[in-house]
Number of protein chains: 2
Amino acid sequence: MPQLRKPYLLYLGDAQHPTDAKTACGLRDWCPADVVGEWSLPTAAVSVGLPRCSPAEAAAQGAGSLVIGIASVGGKVPDSWLPDLEAAIAAGMDIVSGMHTRLTSFSSLVAAAARHGVTLHDVRHSDTTFPAGTGLPRPGLRVATVGTDCALGKKYTALALTRALEARGQKATFRATGQTGIMIAGSGIAIDAVVADFIAGAAEVLSPANDPDHWDVIEGQGSLFHPAYAGVTLGLLHGSQPDFLVLCHDPTRKTIEYRPDFPIPPLPVAAEQYLVNARVTNRNVRLAGVSINSSSLDDGAWARYRAQVEQEMGVPVCDPLRGGMDLIVSRLLGV
Amino acid sequence: MPQLRKPYLLYLGDAQHPTDAKTACGLRDWCPADVVGEWSLPTAAVSVGLPRCSPAEAAAQGAGSLVIGIASVGGKVPDSWLPDLEAAIAAGMDIVSGMHTRLTSFSSLVAAAARHGVTLHDVRHSDTTFPAGTGLPRPGLRVATVGTDCALGKKYTALALTRALEARGQKATFRATGQTGIMIAGSGIAIDAVVADFIAGAAEVLSPANDPDHWDVIEGQGSLFHPAYAGVTLGLLHGSQPDFLVLCHDPTRKTIEYRPDFPIPPLPVAAEQYLVNARVTNRNVRLAGVSINSSSLDDGAWARYRAQVEQEMGVPVCDPLRGGMDLIVSRLLGV
């Protein structure tokens, strides 16, 4: 697993809409101590509220990498960004990108990186070769976030759970499986970019043997109920061999996002389906709790919904943004 | 999907053990009309019983490709094979390989292929970009073979089912997902070599929209109960959107092959788990039958086992090598 060089300068290019800057916001919120500032083209209409800082200034402050913090249309890196990226390289910084277009497809960047001895990190892509999964037990405690759908809080829940475990004095590591998570953690594996045969093997590499009382908190990907991505979800689940699952859900989703013909099953059915599959590599896996993105519910509705799901599922129900993960952590710790 | 150029010359290299020639045997048995003969080094100790035929002789008989028909230790192509491969290229033949080492990693082969205008096919690898799965319904009938484990008859069953459908006057196409299957069919997708995010999408490409009365018979891969490969299995299942499943099993296997700690579930549990997952993309999917590799059973034991499984599962039970697939075909055709 490559290790990214922190702290970061967040690059916003020519972003026009605040939602384009999702990655930059994630980094600002989850690893503020690792971010020296933001930079963008004069045409940009978006800021994430950090001090403006040119590549040269950021390097002078010790920044190790310029991170592309926006998602452009089609995941393309436009030529207009290249001067800023080249300035960062010239100042000795690595470049980190989660875009579809590889940084290494720009010969000017490749040449500049070679000249200045820095690295271009395309974290959406995987050039690493992984072994096939072994399924063998390994020491260490592992909890995985899984979802009824994509993009409803699996990363956020895993990050919040890691913090909450640390706050209780536990040794805990967030294990990133997607671009933003990898940037936040500084390392990880873009699990959906791995060759299909090696998904479970890559997941084993991501959460290796550890101290018996150490927690790996594994960021889930996709959903078993998603017609495109369930293979990734299952391979990641098998390779992670989690001792506990936290099921993530957004009550406004009745069907898979953008796919109205694909219903999301009731939570007990979804949890059981995850547990049945997880038992293939860990017979003792248990559901530790349900993590809800409750932003659509007012306080009264959230209290009612939470009580109902708690009764239905028999496990604690939390929203990491509304009261935190402590009840689920207590269940993980058996106290 | 690349189209392989038939007929084939089967190349056995320096094979020492008959089991090394599994691929060559598969081609000899399943597409004998597409094979002109076999060739090997003087040091080889194995034959698959076909006429010996040098690359030049094979080309003179119209052979389109030399196919590497053996699996060497570690999947490596030894340098000692190169003169024969270069002779085939010089005679105007493509080279087809299912080895781990890519043909394209040999600069002499790449140069020779360019010089003679032929193609090097590394069918174990995938350089094609596939779209994400859509999950959208598409016309045509599809049946997929699925297994309680790897390597117990999914390919064989799919080939036999295709033949049996054709024998009943049906339009049917075998859809290959592994190296040997691709060589037999002349096309297909090595589904385990696809980038994880696109497994289901590649499966949709493999079995595209077709005539409403046309059968695609899809070769399954891996197993939902295999700790390394279940992600591939699930993505292929979702993208195939099968109307029917045929569950393949070998009664001597109580645990996953080479992984004694991973039990194979009882057949009704295995079938239900496949159906639950398949319903994500086709709510009307049904089990059409069970295909048994019964080679370990004498006639009496096979009759008893078959009756027992038929009763337990409520569907026809066949061994393609022992009485054929006709009962399952009848169920597919609803007659």
# chains A, B, ... in the order shown; residues from 1 in each chain; ligands from 1
call {"tool": "residues_around", "arguments": {"residues": "Arg28 (chain B)", "least_positions_apart": "4", "cutoff": "10 Å", "atoms": "only C-alpha atoms", "output": "compact mmCIF listing (two decimals) with N, CA and C atoms, in the first residue's frame"}}
result
# COMPACT_ATOMS: atom_id res chain seq x y z
N TYR B 8 -7.59 -24.69 -34.72
CA TYR B 8 -6.45 -24.58 -33.82
C TYR B 8 -5.42 -25.69 -34.04
N LEU B 10 -2.99 -27.49 -31.37
CA LEU B 10 -2.82 -27.55 -29.91
C LEU B 10 -1.35 -27.76 -29.57
N LYS B 22 -4.90 -30.42 -19.57
CA LYS B 22 -6.35 -30.27 -19.36
C LYS B 22 -6.99 -29.40 -20.44
N THR B 23 -6.33 -28.29 -20.76
CA THR B 23 -6.90 -27.37 -21.75
C THR B 23 -6.98 -28.03 -23.12
N ALA B 24 -5.90 -28.72 -23.51
CA ALA B 24 -5.88 -29.40 -24.81
C ALA B 24 -6.98 -30.46 -24.87
N PRO B 32 -13.79 -30.74 -31.53
CA PRO B 32 -12.84 -31.52 -32.33
C PRO B 32 -12.76 -31.05 -33.78
N ALA B 33 -13.87 -30.55 -34.31
CA ALA B 33 -13.86 -30.09 -35.70
C ALA B 33 -13.02 -28.84 -35.87
N ASP B 34 -12.70 -28.19 -34.75
CA ASP B 34 -11.91 -26.95 -34.81
C ASP B 34 -10.43 -27.18 -34.53
N VAL B 35 -10.01 -28.44 -34.46
CA VAL B 35 -8.62 -28.74 -34.10
C VAL B 35 -7.98 -29.55 -35.22
N VAL B 36 -6.83 -29.06 -35.72
CA VAL B 36 -6.17 -29.80 -36.82
C VAL B 36 -5.15 -30.81 -36.32
N GLY B 37 -4.64 -30.63 -35.09
CA GLY B 37 -3.65 -31.58 -34.61
C GLY B 37 -2.94 -31.05 -33.38
N GLU B 38 -1.87 -31.76 -32.98
CA GLU B 38 -1.11 -31.34 -31.81
C GLU B 38 0.37 -31.24 -32.17
N VAL B 48 -2.24 -35.88 -26.65
CA VAL B 48 -3.68 -35.98 -26.45
C VAL B 48 -4.32 -36.78 -27.58
N GLY B 49 -3.48 -37.56 -28.29
CA GLY B 49 -4.00 -38.53 -29.24
C GLY B 49 -4.41 -37.96 -30.58
N LEU B 50 -3.93 -36.77 -30.91
CA LEU B 50 -4.26 -36.17 -32.21
C LEU B 50 -3.07 -36.33 -33.15
N GLY B 69 -1.96 -25.47 -25.03
CA GLY B 69 -2.97 -26.37 -24.49
C GLY B 69 -2.60 -26.98 -23.17
N ILE B 184 -12.65 -22.76 -26.41
CA ILE B 184 -13.65 -23.65 -27.03
C ILE B 184 -14.64 -22.82 -27.85
call {"tool": "interface_residues", "arguments": {"of": "chain A", "to": "chain B", "cutoff": "8 Å", "atoms": "only C-alpha atoms", "output": "VMD selection string"}}
result
chain A and resid 132 to 135 191 to 201 225 to 236 238 to 239 262 280 to 281
call {"tool": "write_last_selection", "arguments": {"atoms": "N, CA and C atoms", "output": "compact mmCIF listing (two decimals), in the first residue's frame"}}
result
# COMPACT_ATOMS: atom_id res chain seq x y z
N ALA A 132 -4.42 -14.13 -4.07
CA ALA A 132 -5.79 -14.60 -3.86
C ALA A 132 -6.06 -14.66 -2.36
N GLY A 133 -7.31 -14.52 -1.98
CA GLY A 133 -7.66 -14.62 -0.57
C GLY A 133 -7.36 -16.00 -0.02
N THR A 134 -6.97 -16.06 1.25
CA THR A 134 -6.71 -17.36 1.88
C THR A 134 -7.87 -17.79 2.75
N GLY A 135 -8.60 -16.83 3.29
CA GLY A 135 -9.67 -17.16 4.22
C GLY A 135 -9.16 -17.59 5.59
N ILE A 191 -10.53 -0.61 -3.50
CA ILE A 191 -10.86 -2.03 -3.65
C ILE A 191 -11.62 -2.29 -4.96
N ASP A 192 -12.35 -1.30 -5.44
CA ASP A 192 -13.10 -1.53 -6.69
C ASP A 192 -12.20 -1.45 -7.92
N ALA A 193 -10.93 -1.08 -7.73
CA ALA A 193 -10.00 -1.01 -8.86
C ALA A 193 -9.13 -2.25 -8.98
N VAL A 194 -9.29 -3.17 -8.03
CA VAL A 194 -8.48 -4.40 -8.02
C VAL A 194 -9.02 -5.37 -9.07
N VAL A 195 -8.17 -6.23 -9.62
CA VAL A 195 -8.64 -7.28 -10.53
C VAL A 195 -9.58 -8.22 -9.75
N ALA A 196 -10.71 -8.57 -10.40
CA ALA A 196 -11.81 -9.26 -9.71
C ALA A 196 -11.36 -10.47 -8.89
N ASP A 197 -10.43 -11.24 -9.42
CA ASP A 197 -9.99 -12.46 -8.76
C ASP A 197 -9.35 -12.20 -7.40
N PHE A 198 -8.94 -10.97 -7.16
CA PHE A 198 -8.12 -10.69 -5.99
C PHE A 198 -8.78 -9.71 -5.01
N ILE A 199 -10.10 -9.53 -5.10
CA ILE A 199 -10.79 -8.60 -4.20
C ILE A 199 -10.59 -9.04 -2.75
N ALA A 200 -10.92 -10.30 -2.48
CA ALA A 200 -10.81 -10.78 -1.09
C ALA A 200 -9.35 -10.77 -0.64
N GLY A 201 -8.44 -11.12 -1.54
CA GLY A 201 -7.02 -11.11 -1.18
C GLY A 201 -6.54 -9.71 -0.84
N PHE A 225 -27.03 -5.33 -2.54
CA PHE A 225 -28.30 -5.19 -3.25
C PHE A 225 -28.16 -4.29 -4.46
N HIS A 226 -26.93 -3.93 -4.80
CA HIS A 226 -26.68 -3.05 -5.94
C HIS A 226 -26.35 -3.89 -7.17
N PRO A 227 -27.07 -3.66 -8.29
CA PRO A 227 -26.89 -4.53 -9.45
C PRO A 227 -25.51 -4.41 -10.11
N ALA A 228 -24.78 -3.34 -9.84
CA ALA A 228 -23.47 -3.17 -10.48
C ALA A 228 -22.31 -3.57 -9.57
N TYR A 229 -22.42 -3.33 -8.26
CA TYR A 229 -21.21 -3.34 -7.43
C TYR A 229 -21.17 -4.41 -6.35
N ALA A 230 -22.16 -5.31 -6.31
CA ALA A 230 -22.25 -6.27 -5.21
C ALA A 230 -21.05 -7.21 -5.16
N GLY A 231 -20.42 -7.47 -6.31
CA GLY A 231 -19.25 -8.35 -6.31
C GLY A 231 -18.12 -7.76 -5.48
N VAL A 232 -17.91 -6.46 -5.61
CA VAL A 232 -16.90 -5.76 -4.80
C VAL A 232 -17.26 -5.88 -3.33
N THR A 233 -18.53 -5.62 -3.02
CA THR A 233 -19.01 -5.66 -1.64
C THR A 233 -18.73 -7.03 -1.00
N LEU A 234 -19.05 -8.10 -1.74
CA LEU A 234 -18.92 -9.44 -1.17
C LEU A 234 -17.46 -9.84 -1.00
N GLY A 235 -16.63 -9.55 -2.01
CA GLY A 235 -15.21 -9.88 -1.89
C GLY A 235 -14.55 -9.15 -0.74
N LEU A 236 -14.90 -7.88 -0.58
CA LEU A 236 -14.37 -7.07 0.52
C LEU A 236 -14.82 -7.65 1.87
N HIS A 238 -15.71 -10.79 2.52
CA HIS A 238 -15.03 -12.07 2.80
C HIS A 238 -13.59 -11.86 3.23
N GLY A 239 -12.87 -10.98 2.53
CA GLY A 239 -11.47 -10.78 2.87
C GLY A 239 -11.28 -10.07 4.20
N PHE A 262 -34.77 -1.11 -8.34
CA PHE A 262 -34.08 -2.02 -7.42
C PHE A 262 -34.41 -1.65 -5.99
N VAL A 280 -19.18 -17.00 5.87
CA VAL A 280 -18.31 -17.85 5.05
C VAL A 280 -16.86 -17.77 5.55
N THR A 281 -16.43 -16.57 5.98
CA THR A 281 -15.04 -16.45 6.45
C THR A 281 -14.93 -16.15 7.95
call {"tool": "residues_around", "arguments": {"residues": "region 113-120 of chain B", "least_positions_apart": "3", "cutoff": "7 Å", "atoms": "only C-alpha atoms", "output": "list in words"}}
result
Ile89, Ala90, Gly92, Met93, Asp94, Ile95, Val96, Leu103, Thr104, Leu109 and Val110 of chain B
call {"tool": "write_last_selection", "arguments": {"atoms": "C-alpha atoms", "output": "PDB file, in the first residue's frame"}}
result
ATOM      1  CA  ILE B  89       3.706 -16.715 -36.148  1.00  0.00           C
ATOM      2  CA  ALA B  90       5.974 -16.916 -39.187  1.00  0.00           C
ATOM      3  CA  GLY B  92       0.734 -16.634 -40.251  1.00  0.00           C
ATOM      4  CA  MET B  93      -1.010 -18.042 -37.188  1.00  0.00           C
ATOM      5  CA  ASP B  94      -2.253 -16.148 -34.127  1.00  0.00           C
ATOM      6  CA  ILE B  95      -1.097 -17.414 -30.714  1.00  0.00           C
ATOM      7  CA  VAL B  96      -3.670 -18.038 -27.984  1.00  0.00           C
ATOM      8  CA  LEU B 103       2.694 -13.471 -24.542  1.00  0.00           C
ATOM      9  CA  THR B 104       3.077  -9.730 -24.976  1.00  0.00           C
ATOM     10  CA  LEU B 109       6.930 -12.537 -29.996  1.00  0.00           C
ATOM     11  CA  VAL B 110       5.571  -8.989 -30.143  1.00  0.00           C
TER      12      VAL B 110
END
call {"tool": "residues_around", "arguments": {"residues": "Ala45 (chain B)", "least_positions_apart": "6", "cutoff": "9 Å", "atoms": "only C-alpha atoms", "output": "VMD selection string"}}
result
chain B and resid 14 to 18
call {"tool": "write_last_selection", "arguments": {"atoms": "C-alpha atoms", "output": "PDB file, in the first residue's frame"}}
result
ATOM      1  CA  ASP B  14       7.366 -29.931 -22.808  1.00  0.00           C
ATOM      2  CA  ALA B  15       4.446 -31.316 -20.782  1.00  0.00           C
ATOM      3  CA  GLN B  16       5.390 -34.256 -18.546  1.00  0.00           C
ATOM      4  CA  HIS B  17       2.085 -35.198 -16.876  1.00  0.00           C
ATOM      5  CA  PRO B  18      -1.222 -35.958 -18.621  1.00  0.00           C
TER       6      PRO B  18
END
call {"tool": "closest_residue", "arguments": {"among": "B:Leu332, B:Ala56, B:Ala160, B:Ile70", "to": "Arg142 (chain B)", "atoms": "only C-alpha atoms"}}
result
B:Leu332
call {"tool": "atom_distance", "arguments": {"atom1": "CA of Cys31 (chain A)", "atom2": "CA of Glu166 (chain A)"}}
result
15.0 Å
call {"tool": "closest_residue", "arguments": {"among": "A:Trp39, A:Pro7, A:Val143, A:Trp81", "to": "Ala63 (chain A)", "atoms": "only C-alpha atoms"}}
result
A:Pro7
call {"tool": "closest_residue", "arguments": {"among": "B:Leu12, B:Leu4, B:Val77, B:Met183", "to": "Arg52 (chain B)", "atoms": "only C-alpha atoms"}}
result
B:Leu12
call {"tool": "residues_around", "arguments": {"residues": "Ser296 (chain A)", "least_positions_apart": "3", "cutoff": "12 Å", "atoms": "only C-alpha atoms", "output": "list in words"}}
result
Asp250, Pro251, Thr252, Arg253, Ile292, Asn293, Asp299, Gly300, Ala301, Trp302, Tyr305 and Asp319 of chain A
call {"tool": "atom_distance", "arguments": {"atom1": "CA of Arg175 (chain A)", "atom2": "CA of Glu219 (chain A)"}}
result
6.1 Å
